[in-house]
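So this one's protein_32.cif, mmCIF, C-alpha atoms and all ligand atoms:
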```
data_data
#
loop_
_atom_site.label_atom_id
_atom_site.label_comp_id
_atom_site.auth_asym_id
_atom_site.auth_seq_id
_atom_site.Cartn_x
_atom_site.Cartn_y
_atom_site.Cartn_z
CA MET A 1 129.65 114.61 84.81
CA ASN A 2 132.73 112.90 86.19
CA GLN A 3 135.66 114.72 87.65
CA PRO A 4 139.17 113.51 86.87
CA SER A 5 140.40 110.95 89.31
CA GLN A 6 143.17 112.45 91.40
CA ASN A 7 145.29 109.46 92.35
CA PRO A 8 144.57 106.67 89.91
CA ALA A 9 147.80 104.84 90.71
CA ASP A 10 146.63 104.30 94.30
CA SER A 11 143.43 102.65 93.24
CA ALA A 12 144.16 101.41 89.72
CA PHE A 13 141.29 99.29 88.54
CA VAL A 14 142.80 98.74 85.12
CA LYS A 15 146.58 98.59 85.33
CA ILE A 16 148.60 98.50 82.14
CA GLU A 17 152.18 97.74 83.14
CA ASN A 18 155.04 98.25 80.68
CA VAL A 19 153.06 96.71 77.86
CA THR A 20 154.70 96.23 74.47
CA LYS A 21 153.18 94.62 71.40
CA THR A 22 155.15 93.84 68.27
CA PHE A 23 153.77 92.46 65.01
CA ALA A 24 156.44 90.58 63.03
CA GLY A 25 159.11 92.44 64.95
CA ILE A 26 157.55 95.86 64.38
CA PRO A 27 156.37 97.54 67.59
CA ALA A 28 152.75 98.78 67.57
CA VAL A 29 152.69 99.57 71.31
CA LYS A 30 155.92 100.46 73.12
CA ASN A 31 156.33 100.04 76.86
CA VAL A 32 153.02 101.65 77.79
CA SER A 33 152.00 102.04 81.44
CA ILE A 34 148.60 103.47 82.35
CA ASP A 35 146.60 103.32 85.58
CA ILE A 36 142.87 103.75 85.19
CA ALA A 37 140.71 104.23 88.28
CA LYS A 38 137.36 102.54 88.86
CA GLY A 39 134.51 104.48 87.29
CA GLU A 40 136.72 106.54 84.99
CA LEU A 41 135.84 107.32 81.42
CA PHE A 42 139.32 107.07 80.01
CA ALA A 43 140.23 107.93 76.41
CA LEU A 44 143.10 106.59 74.32
CA LEU A 45 143.65 109.36 71.81
CA GLY A 46 145.97 109.47 68.84
CA GLY A 47 146.31 109.54 65.08
CA SER A 48 145.96 106.62 62.74
CA GLY A 49 148.35 103.76 63.47
CA CYS A 50 149.51 105.05 66.88
CA GLY A 51 148.57 101.76 68.55
CA LYS A 52 145.41 102.72 70.40
CA THR A 53 143.25 99.91 68.98
CA THR A 54 145.99 97.37 69.63
CA LEU A 55 146.10 98.51 73.26
CA LEU A 56 142.30 98.21 73.54
CA ARG A 57 142.40 94.73 71.98
CA MET A 58 145.02 93.69 74.53
CA LEU A 59 142.66 94.81 77.32
CA ALA A 60 139.93 92.68 75.73
CA GLY A 61 142.28 89.71 75.36
CA PHE A 62 142.08 89.62 71.55
CA GLU A 63 145.81 90.36 71.37
CA ILE A 64 148.48 89.08 73.74
CA PRO A 65 151.16 91.53 74.93
CA THR A 66 154.68 90.72 73.73
CA ALA A 67 155.94 92.09 77.05
CA GLY A 68 154.40 93.57 80.20
CA ARG A 69 151.07 92.71 81.78
CA ILE A 70 147.55 93.94 82.33
CA LEU A 71 145.67 93.75 85.63
CA ILE A 72 141.94 94.31 85.95
CA ASP A 73 140.43 94.68 89.41
CA GLY A 74 143.66 93.40 90.90
CA LYS A 75 143.74 90.23 88.77
CA ASP A 76 146.54 89.51 86.31
CA MET A 77 144.94 88.97 82.89
CA THR A 78 147.95 87.10 81.46
CA GLY A 79 146.61 83.85 80.01
CA VAL A 80 142.96 84.80 80.65
CA PRO A 81 140.93 84.39 77.42
CA PRO A 82 138.59 87.17 76.26
CA TYR A 83 135.37 85.45 77.38
CA GLU A 84 136.68 85.03 80.93
CA ARG A 85 137.68 88.67 81.32
CA PRO A 86 135.34 91.05 83.17
CA VAL A 87 135.27 93.26 80.09
CA ASN A 88 133.05 93.80 77.12
CA MET A 89 133.84 95.53 73.87
CA MET A 90 131.61 97.73 71.75
CA PHE A 91 132.80 97.69 68.17
CA GLN A 92 132.73 100.63 65.82
CA SER A 93 130.46 98.74 63.42
CA TYR A 94 128.07 98.00 66.35
CA ALA A 95 127.73 94.44 64.95
CA LEU A 96 123.96 94.35 65.56
CA PHE A 97 122.06 91.37 64.16
CA PRO A 98 119.84 92.75 61.38
CA HIS A 99 117.16 90.05 61.66
CA MET A 100 116.74 90.46 65.44
CA THR A 101 114.67 93.07 67.22
CA VAL A 102 116.33 95.62 69.49
CA GLU A 103 115.25 93.59 72.53
CA LYS A 104 116.67 90.37 71.12
CA ASN A 105 119.91 92.08 70.17
CA ILE A 106 120.32 93.26 73.75
CA ALA A 107 119.30 89.88 75.20
CA TYR A 108 121.78 88.09 72.93
CA GLY A 109 124.69 89.23 75.05
CA LEU A 110 123.10 87.49 78.05
CA LYS A 111 122.48 84.13 76.47
CA HIS A 112 125.48 82.48 78.11
CA ASP A 113 124.63 83.88 81.53
CA ARG A 114 122.69 81.72 83.94
CA MET A 115 119.53 83.80 84.16
CA THR A 116 115.84 82.97 84.18
CA ASP A 117 113.74 84.32 81.33
CA ALA A 118 112.16 86.81 83.72
CA GLN A 119 115.57 88.06 84.90
CA ARG A 120 116.75 88.40 81.31
CA LYS A 121 113.61 90.31 80.34
CA ASP A 122 114.06 92.56 83.30
CA ARG A 123 117.68 93.31 82.40
CA VAL A 124 116.75 94.11 78.80
CA LYS A 125 114.08 96.51 80.05
CA GLN A 126 116.58 98.20 82.38
CA MET A 127 119.01 98.62 79.50
CA LEU A 128 116.35 100.03 77.17
CA ASP A 129 115.40 102.53 79.87
CA LEU A 130 119.03 103.43 80.40
CA VAL A 131 119.56 104.31 76.74
CA GLN A 132 116.05 105.79 76.43
CA LEU A 133 114.81 103.38 73.80
CA SER A 134 111.97 101.76 75.76
CA GLU A 135 109.51 102.49 72.98
CA LEU A 136 111.60 100.91 70.24
CA GLY A 137 112.34 97.45 71.64
CA HIS A 138 110.35 95.69 68.91
CA ARG A 139 112.03 97.41 65.99
CA LYS A 140 114.79 95.91 63.88
CA PRO A 141 118.11 97.74 63.46
CA HIS A 142 117.30 98.99 59.93
CA GLN A 143 114.24 100.78 61.38
CA LEU A 144 116.45 102.90 63.63
CA SER A 145 118.52 106.03 63.10
CA GLY A 146 122.31 105.84 63.35
CA GLY A 147 122.24 107.36 66.82
CA GLN A 148 119.60 104.87 68.00
CA ARG A 149 121.61 101.95 66.64
CA GLN A 150 124.60 103.25 68.54
CA ARG A 151 122.54 103.24 71.75
CA VAL A 152 121.34 99.68 71.13
CA ALA A 153 124.95 98.58 70.76
CA LEU A 154 125.80 100.38 73.98
CA ALA A 155 122.86 98.76 75.78
CA ARG A 156 123.88 95.33 74.54
CA SER A 157 127.45 95.73 75.66
CA LEU A 158 126.36 97.02 79.09
CA ALA A 159 123.72 94.33 79.64
CA LYS A 160 126.22 91.86 81.08
CA HIS A 161 127.35 94.47 83.63
CA PRO A 162 130.99 94.24 82.62
CA LYS A 163 133.50 95.74 85.05
CA VAL A 164 135.15 97.49 82.12
CA LEU A 165 133.56 98.52 78.84
CA LEU A 166 135.89 99.00 75.89
CA LEU A 167 134.63 101.26 73.11
CA ASP A 168 136.40 101.43 69.76
CA GLU A 169 135.60 104.74 68.04
CA PRO A 170 132.06 104.59 69.49
CA LEU A 171 130.81 107.61 67.56
CA GLY A 172 132.73 107.08 64.32
CA ALA A 173 129.62 106.21 62.29
CA LEU A 174 127.62 109.29 63.33
CA ASP A 175 127.54 112.71 61.71
CA LYS A 176 128.98 115.70 63.52
CA LYS A 177 125.80 117.05 65.15
CA LEU A 178 124.67 113.66 66.35
CA ARG A 179 128.16 112.90 67.59
CA GLU A 180 128.17 115.98 69.80
CA HIS A 181 124.82 115.05 71.29
CA THR A 182 125.75 111.38 71.75
CA GLN A 183 129.02 112.28 73.48
CA PHE A 184 127.03 113.72 76.36
CA GLU A 185 124.70 110.73 76.38
CA ILE A 186 127.57 108.26 76.63
CA ALA A 187 129.12 110.29 79.44
CA ASN A 188 125.77 110.37 81.27
CA ILE A 189 125.21 106.64 80.85
CA GLN A 190 128.72 105.94 82.07
CA ASP A 191 128.08 108.17 85.05
CA LYS A 192 124.81 106.39 85.88
CA THR A 193 126.25 102.88 85.63
CA GLY A 194 129.60 103.69 87.27
CA ILE A 195 131.24 101.16 84.92
CA THR A 196 134.81 101.95 83.89
CA PHE A 197 134.88 102.94 80.21
CA VAL A 198 137.97 102.91 78.02
CA VAL A 199 137.34 104.68 74.72
CA VAL A 200 139.55 104.71 71.66
CA THR A 201 139.24 107.79 69.50
CA HIS A 202 141.26 109.81 67.01
CA ASP A 203 139.01 112.82 67.61
CA GLN A 204 140.45 115.17 70.19
CA GLU A 205 137.20 117.05 70.78
CA GLU A 206 135.46 113.76 71.43
CA ALA A 207 138.13 112.73 73.92
CA MET A 208 137.94 116.11 75.64
CA THR A 209 134.15 116.08 75.91
CA LEU A 210 133.84 112.48 77.03
CA ALA A 211 136.78 111.60 79.13
CA THR A 212 137.82 112.09 82.72
CA ARG A 213 141.40 111.62 81.53
CA ILE A 214 143.10 111.18 78.20
CA ALA A 215 146.24 109.29 77.20
CA VAL A 216 147.69 111.00 74.13
CA MET A 217 149.50 108.41 72.03
CA ASP A 218 152.07 108.80 69.28
CA ARG A 219 153.77 105.97 67.39
CA GLY A 220 153.04 103.34 70.01
CA GLU A 221 153.99 105.50 72.99
CA VAL A 222 151.99 107.45 75.54
CA ARG A 223 153.17 111.05 75.42
CA GLN A 224 150.96 112.51 78.14
CA ILE A 225 148.15 111.43 80.45
CA GLY A 226 145.90 114.07 81.93
CA SER A 227 142.50 115.71 82.05
CA ALA A 228 141.31 117.66 79.02
CA THR A 229 142.46 120.88 80.70
CA GLU A 230 145.87 119.46 81.52
CA VAL A 231 146.65 118.21 78.02
CA TYR A 232 145.31 121.37 76.38
CA GLU A 233 146.58 124.09 78.71
CA TYR A 234 149.68 122.31 80.02
CA PRO A 235 150.96 120.03 77.26
CA ASN A 236 154.25 118.38 78.19
CA CYS A 237 155.76 118.27 74.69
CA ALA A 238 155.47 119.84 71.26
CA PHE A 239 153.66 116.78 69.92
CA VAL A 240 150.81 117.06 72.42
CA ALA A 241 150.64 120.86 72.05
CA GLY A 242 150.27 120.45 68.28
CA PHE A 243 147.96 117.44 68.37
CA ILE A 244 145.44 118.81 70.86
CA GLY A 245 143.99 121.95 69.33
CA SER A 246 146.18 124.30 67.34
CA ALA A 247 149.20 126.19 68.52
CA ASN A 248 151.58 128.74 67.11
CA MET A 249 154.91 127.02 67.73
CA LEU A 250 158.25 128.81 67.50
CA ASP A 251 161.87 128.17 68.43
CA GLY A 252 163.34 130.21 71.24
CA VAL A 253 166.32 130.51 73.55
CA VAL A 254 165.96 131.18 77.28
CA ARG A 255 167.67 134.48 78.15
CA SER A 256 166.90 134.67 81.87
CA VAL A 257 164.82 133.00 84.55
CA ASN A 258 163.85 135.36 87.30
CA GLY A 259 160.28 135.21 88.51
CA THR A 260 159.27 134.90 84.87
CA THR A 261 161.21 133.41 81.98
CA SER A 262 162.48 135.67 79.19
CA VAL A 263 162.77 133.84 75.91
CA GLU A 264 164.26 135.31 72.79
CA VAL A 265 162.09 134.23 69.88
CA PRO A 266 163.66 135.24 66.54
CA GLY A 267 160.49 134.29 64.65
CA LEU A 268 158.57 136.92 66.62
CA GLY A 269 161.39 139.46 66.44
CA THR A 270 161.15 140.00 70.18
CA THR A 271 161.77 138.57 73.63
CA VAL A 272 158.73 136.93 75.13
CA GLU A 273 157.94 136.81 78.85
CA ALA A 274 156.49 133.55 80.12
CA ARG A 275 155.16 132.79 83.57
CA GLU A 276 156.57 129.27 83.60
CA THR A 277 159.97 128.97 85.24
CA THR A 278 160.42 125.34 86.24
CA HIS A 279 163.40 123.34 84.99
CA LEU A 280 164.59 126.12 82.72
CA ALA A 281 168.04 127.68 82.50
CA ALA A 282 169.54 130.55 80.55
CA GLY A 283 170.93 129.49 77.19
CA GLN A 284 168.53 126.58 76.82
CA SER A 285 166.85 126.06 73.43
CA ILE A 286 163.11 125.50 73.72
CA LYS A 287 159.88 125.66 71.80
CA VAL A 288 157.41 128.43 72.56
CA ALA A 289 153.74 127.73 71.93
CA VAL A 290 150.81 130.13 72.07
CA ARG A 291 147.23 129.05 71.36
CA PRO A 292 145.43 131.17 68.71
CA GLU A 293 142.62 132.12 71.10
CA LYS A 294 145.09 133.41 73.70
CA ILE A 295 146.31 136.13 71.33
CA HIS A 296 144.42 139.41 71.37
CA ILE A 297 144.13 141.44 68.23
CA THR A 298 143.73 145.22 68.51
CA ARG A 299 144.19 148.29 66.36
CA GLU A 300 145.87 150.22 69.18
CA PRO A 301 149.10 149.15 70.91
CA PRO A 302 148.35 147.12 74.05
CA PRO A 303 149.36 148.38 77.52
CA PRO A 304 152.90 147.59 78.73
CA GLY A 305 153.60 144.39 80.69
CA ILE A 306 152.17 142.11 78.06
CA ASN A 307 153.87 140.42 75.10
CA ALA A 308 153.16 142.52 72.01
CA MET A 309 154.07 142.66 68.34
CA GLU A 310 152.80 144.37 65.21
CA GLY A 311 151.69 142.70 62.00
CA THR A 312 149.51 142.81 58.92
CA VAL A 313 146.34 140.82 58.26
CA ASP A 314 147.31 138.25 55.63
CA ASP A 315 144.10 136.30 55.69
CA LEU A 316 140.88 136.07 57.64
CA ALA A 317 138.01 133.63 57.84
CA TYR A 318 134.68 134.42 59.46
CA PHE A 319 132.96 131.44 61.13
CA GLY A 320 130.09 133.25 62.81
CA LYS A 321 130.89 132.74 66.46
CA ASP A 322 134.56 133.45 65.88
CA SER A 323 137.03 134.57 63.24
CA LEU A 324 140.42 133.20 62.38
CA TYR A 325 143.11 135.66 61.40
CA ARG A 326 146.50 134.96 59.90
CA ILE A 327 148.79 137.82 60.82
CA ARG A 328 152.15 138.31 59.12
CA LEU A 329 154.88 139.81 61.31
CA ALA A 330 157.85 141.82 60.05
CA THR A 331 159.99 138.67 60.50
CA GLY A 332 157.82 136.87 57.94
CA THR A 333 156.29 134.59 60.59
CA VAL A 334 152.54 134.14 60.21
CA LEU A 335 150.60 133.73 63.47
CA GLN A 336 147.13 132.28 63.75
CA VAL A 337 144.79 134.30 65.93
CA ASN A 338 141.32 133.29 66.95
CA ASN A 339 138.97 136.09 67.87
CA VAL A 340 135.53 135.45 69.39
CA ASN A 341 132.89 137.64 67.76
CA ALA A 342 131.36 138.57 71.10
CA ARG A 343 129.49 141.53 69.64
CA ARG A 344 127.11 141.55 66.71
CA ALA A 345 128.87 143.71 64.15
CA ALA A 346 128.84 144.48 60.45
CA GLU A 347 131.86 143.46 58.38
CA SER A 348 133.22 146.99 58.32
CA GLU A 349 133.09 147.15 62.15
CA ARG A 350 135.20 144.06 62.75
CA VAL A 351 138.47 144.37 64.57
CA ALA A 352 140.50 144.10 61.37
CA GLN A 353 140.23 143.62 57.63
CA TRP A 354 142.65 142.27 55.02
CA GLU A 355 145.92 144.26 54.82
CA ASP A 356 145.18 146.18 58.07
CA ARG A 357 148.06 146.90 60.43
CA VAL A 358 147.21 145.40 63.83
CA TRP A 359 148.73 144.72 67.22
CA LEU A 360 148.92 141.24 68.66
CA SER A 361 149.36 140.63 72.36
CA PHE A 362 149.30 137.79 74.86
CA GLU A 363 149.75 137.39 78.60
CA PRO A 364 152.91 135.77 80.02
CA SER A 365 150.61 133.15 81.57
CA SER A 366 149.43 132.13 78.08
CA VAL A 367 152.91 131.16 76.89
CA ILE A 368 153.65 127.43 76.87
CA LEU A 369 157.34 126.51 77.06
CA LEU A 370 158.28 123.07 75.79
CA LYS A 371 161.58 121.25 75.89
CA ASP A 372 160.87 118.89 72.99
P1 LIG B 401 143.55 103.59 63.55
O1 LIG B 401 142.96 104.80 64.18
O2 LIG B 401 143.97 103.82 62.12
O3 LIG B 401 142.74 102.35 63.74
P2 LIG B 401 145.31 102.75 65.72
O4 LIG B 401 145.95 103.81 66.53
O5 LIG B 401 144.13 102.10 66.30
O6 LIG B 401 144.95 103.33 64.28
P3 LIG B 401 146.47 100.14 65.57
O7 LIG B 401 145.35 99.51 64.85
O8 LIG B 401 146.63 99.83 66.99
O9 LIG B 401 146.44 101.71 65.37
O10 LIG B 401 147.80 99.77 64.81
C1 LIG B 401 149.10 100.16 65.26
C2 LIG B 401 150.16 99.63 64.31
O11 LIG B 401 150.20 98.20 64.37
C3 LIG B 401 149.88 99.97 62.86
O12 LIG B 401 151.11 100.29 62.24
C4 LIG B 401 149.29 98.73 62.29
O13 LIG B 401 149.55 98.61 60.91
C5 LIG B 401 149.97 97.65 63.08
N1 LIG B 401 149.11 96.45 63.27
C6 LIG B 401 147.94 96.40 63.93
N2 LIG B 401 147.43 95.16 63.93
C7 LIG B 401 148.31 94.39 63.23
C8 LIG B 401 148.38 92.99 62.89
N3 LIG B 401 147.43 92.15 63.26
N4 LIG B 401 149.44 92.58 62.18
C9 LIG B 401 150.42 93.42 61.81
N5 LIG B 401 150.43 94.74 62.11
C10 LIG B 401 149.40 95.22 62.82
#
```
Please, can you express the file's structure as structure tokens?
Amino acid sequence: MNQPSQNPADSAFVKIENVTKTFAGIPAVKNVSIDIAKGELFALLGGSGCGKTTLLRMLAGFEIPTAGRILIDGKDMTGVPPYERPVNMMFQSYALFPHMTVEKNIAYGLKHDRMTDAQRKDRVKQMLDLVQLSELGHRKPHQLSGGQRQRVALARSLAKHPKVLLLDEPLGALDKKLREHTQFEIANIQDKTGITFVVVTHDQEEAMTLATRIAVMDRGEVRQIGSATEVYEYPNCAFVAGFIGSANMLDGVVRSVNGTTSVEVPGLGTTVEARETTHLAAGQSIKVAVRPEKIHITREPPPPGINAMEGTVDDLAYFGKDSLYRIRLATGTVLQVNNVNARRAAESERVAQWEDRVWLSFEPSSVILLKD
């Protein structure tokens, strides 16, 4: 699968420059700049109404930016209508024609292209092979499963060999299991074709599985752009830390910065050591975030040199592969802790039960410090 592009700005294939879109004076997209490299599978991720679809529609030419501009393959798209752009869009509804066979649905996208019948047939065959539906070309959409319909829509939108494929919630109509499987398929197809994909999704797991890089959006703005690892392990703000995965988030005040950062966290009733030191000064108010899976839960006190605190099991949920604990500290703060059930064990053998006194600990390197 693809690796994140290192220097997209140097070779931006899709360049979104200070783009703003307002509807009746209300901004839906605010001064967004994104550089997407050729061959990337880029995700626009955010909650409902954050402006991701509007941004995608501006790439397609269905909406015109109120300010800023979009360049694709070095060409300014201002004033270029949708049908003249080197892009294609796959809609969430797939928009397949019910009365047409799979083959005809795929060929439909090519009808305006100057191609001989043989060339068109050949392209349809290539596309069917690509999405592994060669056997089903004569079926109609209602004779296909949801996942197969999704692949027909993908084949149709790729048939024209667009330079950029825009996908609006491409897996939204599929159930969870099929979605997981199809995520890998889309990523493989993207990899094989080398076409630049821009995917809109509200599903963070989907973005993380699919994308080389993710732009996390909030209320019309891009809050962070990075690989899945970057946005999860190194979020740049409290919004991203809370939106991608879950995080225990607490207020703190920097006490000293000396090799590590000491942060007094009243909610934890202790001073926490963090490995991060950049741009921090004593006296500064910050947010401290720790992911639930980075916290260890033990019955015995942990060794020194690690952040530790004692608490009581308030709640626990067993999910099979892991368990989620809610641990109440003496301060009243409840921390979420995720514990992988690495060993097969009976209920009575688990690390902790309701009301048990336990120790929580986490490494200084696991502490995320956030300024807003
Ligand atoms: P969702 O996941 O719910 O589709 P989104 O992130 O894709 O959300 P957009 O569809 O881009 O969000 O909408 C962003 C904002 O712009 C919303 O507040 C929406 O109501 C508004 N908006 C979008 N299209 C129009 C329009 N044609 N006219 C007026 N307002 C619009």
Go through chain A and flag each residue having an atom no more than 10 Å from ligand LIG 401 (chain B); for those, report the closest pair of atoms plus their distance in Å to one decimal, using all atoms listed in the file, ordered by chain and rising number, as a Markdown table.
```
| residue | atom | partner | partner_atom | distance |
| --- | --- | --- | --- | --- |
| A:Lys21 | CA | B:LIG401 | O11 | 8.4 |
| A:Thr22 | CA | B:LIG401 | O11 | 7.7 |
| A:Phe23 | CA | B:LIG401 | C9 | 4.7 |
| A:Ala24 | CA | B:LIG401 | C9 | 6.8 |
| A:Gly25 | CA | B:LIG401 | C9 | 9.3 |
| A:Ile26 | CA | B:LIG401 | N5 | 7.6 |
| A:Pro27 | CA | B:LIG401 | O11 | 7.0 |
| A:Ala28 | CA | B:LIG401 | O11 | 4.1 |
| A:Val29 | CA | B:LIG401 | C1 | 7.1 |
| A:Leu44 | CA | B:LIG401 | O4 | 8.7 |
| A:Leu45 | CA | B:LIG401 | O4 | 8.0 |
| A:Gly46 | CA | B:LIG401 | O4 | 6.1 |
| A:Gly47 | CA | B:LIG401 | O1 | 5.9 |
| A:Ser48 | CA | B:LIG401 | O2 | 3.5 |
| A:Gly49 | CA | B:LIG401 | O9 | 3.4 |
| A:Cys50 | CA | B:LIG401 | O4 | 3.8 |
| A:Gly51 | CA | B:LIG401 | O8 | 3.1 |
| A:Lys52 | CA | B:LIG401 | O4 | 4.1 |
| A:Thr53 | CA | B:LIG401 | O5 | 3.6 |
| A:Thr54 | CA | B:LIG401 | O8 | 3.7 |
| A:Leu55 | CA | B:LIG401 | O8 | 6.4 |
| A:Leu56 | CA | B:LIG401 | O8 | 8.0 |
| A:Arg57 | CA | B:LIG401 | O8 | 8.3 |
| A:Met58 | CA | B:LIG401 | O8 | 9.9 |
| A:Glu63 | CA | B:LIG401 | N3 | 8.5 |
| A:Asp168 | CA | B:LIG401 | O5 | 8.5 |
| A:Glu169 | CA | B:LIG401 | O1 | 8.3 |
| A:Val200 | CA | B:LIG401 | O5 | 7.5 |
| A:Thr201 | CA | B:LIG401 | O1 | 7.1 |
| A:His202 | CA | B:LIG401 | O1 | 6.0 |
| A:Asp203 | CA | B:LIG401 | O1 | 9.6 |
| A:Met217 | CA | B:LIG401 | O4 | 8.0 |
| A:Asp218 | CA | B:LIG401 | O4 | 8.4 |
| A:Arg219 | CA | B:LIG401 | C1 | 7.8 |
| A:Gly220 | CA | B:LIG401 | C1 | 6.9 |
```
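The spacing separating CA of Ala346 (chain A) from CA of Gly245 (chain A) amounts to 28.6 Å.
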Select, counting only C-alpha atoms, all protein, DNA and RNA residues no farther than 9 Å from (144.8, 140.9, 71.0) in file coordinates, and express the selection as a compact mmCIF listing (two decimals) with C-alpha atoms, in the frame of the given file.
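Output contents, as saved in out02.txt:
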```
# COMPACT_ATOMS: atom_id res chain seq x y z
CA LYS A 294 145.09 133.41 73.70
CA ILE A 295 146.31 136.13 71.33
CA HIS A 296 144.42 139.41 71.37
CA ILE A 297 144.13 141.44 68.23
CA THR A 298 143.73 145.22 68.51
CA ARG A 299 144.19 148.29 66.36
CA PRO A 302 148.35 147.12 74.05
CA ALA A 308 153.16 142.52 72.01
CA VAL A 337 144.79 134.30 65.93
CA ASN A 339 138.97 136.09 67.87
CA VAL A 358 147.21 145.40 63.83
CA TRP A 359 148.73 144.72 67.22
CA LEU A 360 148.92 141.24 68.66
CA SER A 361 149.36 140.63 72.36
CA PHE A 362 149.30 137.79 74.86
```
Kindly assemble as JSON lines a list of the region 124-228 of chain A residues that lie within 7 Å of region 96-108 of chain A, each paired with its nearest atom pair and their distance in Å to one decimal, using all atoms listed in the file, sorted first by chain and then by ascending residue number.
```
{"residue": "A:Val124", "atom": "CA", "partner": "A:Ala107", "partner_atom": "CA", "distance": 6.1}
{"residue": "A:Gly137", "atom": "CA", "partner": "A:Val102", "partner_atom": "CA", "distance": 4.9}
{"residue": "A:His138", "atom": "CA", "partner": "A:Thr101", "partner_atom": "CA", "distance": 5.3}
{"residue": "A:Arg139", "atom": "CA", "partner": "A:Thr101", "partner_atom": "CA", "distance": 5.2}
{"residue": "A:Lys140", "atom": "CA", "partner": "A:Thr101", "partner_atom": "CA", "distance": 4.4}
{"residue": "A:Pro141", "atom": "CA", "partner": "A:Pro98", "partner_atom": "CA", "distance": 5.7}
{"residue": "A:His142", "atom": "CA", "partner": "A:Pro98", "partner_atom": "CA", "distance": 6.9}
{"residue": "A:Val152", "atom": "CA", "partner": "A:Val102", "partner_atom": "CA", "distance": 6.7}
{"residue": "A:Ala153", "atom": "CA", "partner": "A:Leu96", "partner_atom": "CA", "distance": 6.8}
{"residue": "A:Ala155", "atom": "CA", "partner": "A:Ile106", "partner_atom": "CA", "distance": 6.4}
{"residue": "A:Arg156", "atom": "CA", "partner": "A:Ile106", "partner_atom": "CA", "distance": 4.2}
{"residue": "A:Ala159", "atom": "CA", "partner": "A:Ile106", "partner_atom": "CA", "distance": 6.9}
```
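Comparing the minimum interatomic distances between Asn236 (chain A) and each of A:Val164, A:Ile214, A:Arg179, A:Asp372, counting all atoms listed in the file, we find that A:Asp372 sits nearest.
For the set A:Ala211, A:Asn341, A:Gly305, A:Gly146, the residue with the smallest atom-to-atom gap to Tyr94 (chain A) is A:Gly146, counting all atoms listed in the file.
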Report as a JSON list (two decimals) with C-alpha atoms, in the coordinates of the input all protein, DNA and RNA residues lying within 8 Å of Leu41 (chain A), evaluated on all atoms listed in the file, omitting residues in the same chain fewer than 4 positions from it.
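Writing done, so here's out-v8.json:
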```json
[["chain", "number", "residue", "atom", "x", "y", "z"],
["A", 2, "ASN", "CA", 132.73, 112.90, 86.19],
["A", 187, "ALA", "CA", 129.12, 110.29, 79.44],
["A", 190, "GLN", "CA", 128.72, 105.94, 82.07],
["A", 196, "THR", "CA", 134.81, 101.95, 83.89],
["A", 197, "PHE", "CA", 134.88, 102.94, 80.21],
["A", 198, "VAL", "CA", 137.97, 102.91, 78.02],
["A", 199, "VAL", "CA", 137.34, 104.68, 74.72],
["A", 210, "LEU", "CA", 133.84, 112.48, 77.03],
["A", 211, "ALA", "CA", 136.78, 111.60, 79.13],
["A", 212, "THR", "CA", 137.82, 112.09, 82.72],
["A", 213, "ARG", "CA", 141.40, 111.62, 81.53]]
```
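When CA of Arg151 (chain A) is paired with CA of Met89 (chain A), their separation reads 13.8 Å.
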Need to verify the contact set: Arg328 (chain A), 6 Å, all atoms listed in the file, exclusion of same-chain residues closer than 6 positions in sequence. Can you return it as a list in words?
Gly311, Thr312, Asp314 and Val334 of chain A
Using CA of His181 (chain A) and CA of Ile34 (chain A) as the two end points, give the distance in Å to one decimal.
28.7 Å
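In this comparison, which uses all atoms listed in the file, the residue of A:Lys75, A:Lys160, A:Lys192, A:Arg343 approaching Asp129 (chain A) most closely is A:Lys192.
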Per-axis box centre and lengths in Å around region 44-53 of chain A, 4 Å margin per side, axis-aligned, as lines of an AutoDock Vina configuration file:
```
center_x = 146.3
center_y = 104.7
center_z = 68.5
size_x = 14.4
size_y = 17.6
size_z = 19.6
```
Contacts of Arg223 (chain A) at 9 Å or less, counting all atoms listed in the file, minus same-chain residues fewer than 2 places along, as a JSON list (two decimals) with C-alpha atoms, in the frame of the given file?
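Generated file (around_38.json):
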```
[["chain", "number", "residue", "atom", "x", "y", "z"],
["A", 215, "ALA", "CA", 146.24, 109.29, 77.20],
["A", 216, "VAL", "CA", 147.69, 111.00, 74.13],
["A", 217, "MET", "CA", 149.50, 108.41, 72.03],
["A", 218, "ASP", "CA", 152.07, 108.80, 69.28],
["A", 221, "GLU", "CA", 153.99, 105.50, 72.99],
["A", 225, "ILE", "CA", 148.15, 111.43, 80.45],
["A", 236, "ASN", "CA", 154.25, 118.38, 78.19],
["A", 237, "CYS", "CA", 155.76, 118.27, 74.69],
["A", 239, "PHE", "CA", 153.66, 116.78, 69.92],
["A", 240, "VAL", "CA", 150.81, 117.06, 72.42]]
```
Taking (144.5, 137.3, 61.6) in the coordinates of the supplied file, I want to know which residues reach to within 8 Å of it, counting only C-alpha atoms; could you give the answer as an NGL selection string?
:A and (297 or 312-316 or 324-327 or 335-338 or 352)
Which polymer residues have any atom within 9 Å of an atom of Gly194 (chain A), counting only C-alpha atoms, with same-chain residues fewer than 5 positions away left out, as a ChimeraX atom specification?
/A:38-40,189
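Between Leu171 (chain A) and the residues A:Phe13, A:Phe91, A:Phe62, A:Tyr232, the shortest atom-to-atom distance, using all atoms listed in the file, involves A:Phe91.
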Skip Gln284 (chain A) itself and residues of its chain fewer than 2 positions away, then list as JSON, numbers by chain all residues within 6 Å of it, counting only C-alpha atoms.
{"A": [253, 254, 281, 282]}
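Closest approach to Val263 (chain A) among A:Ile36, A:Leu110, A:Val367, A:Ile306 is made by A:Val367 (distances from only C-alpha atoms).
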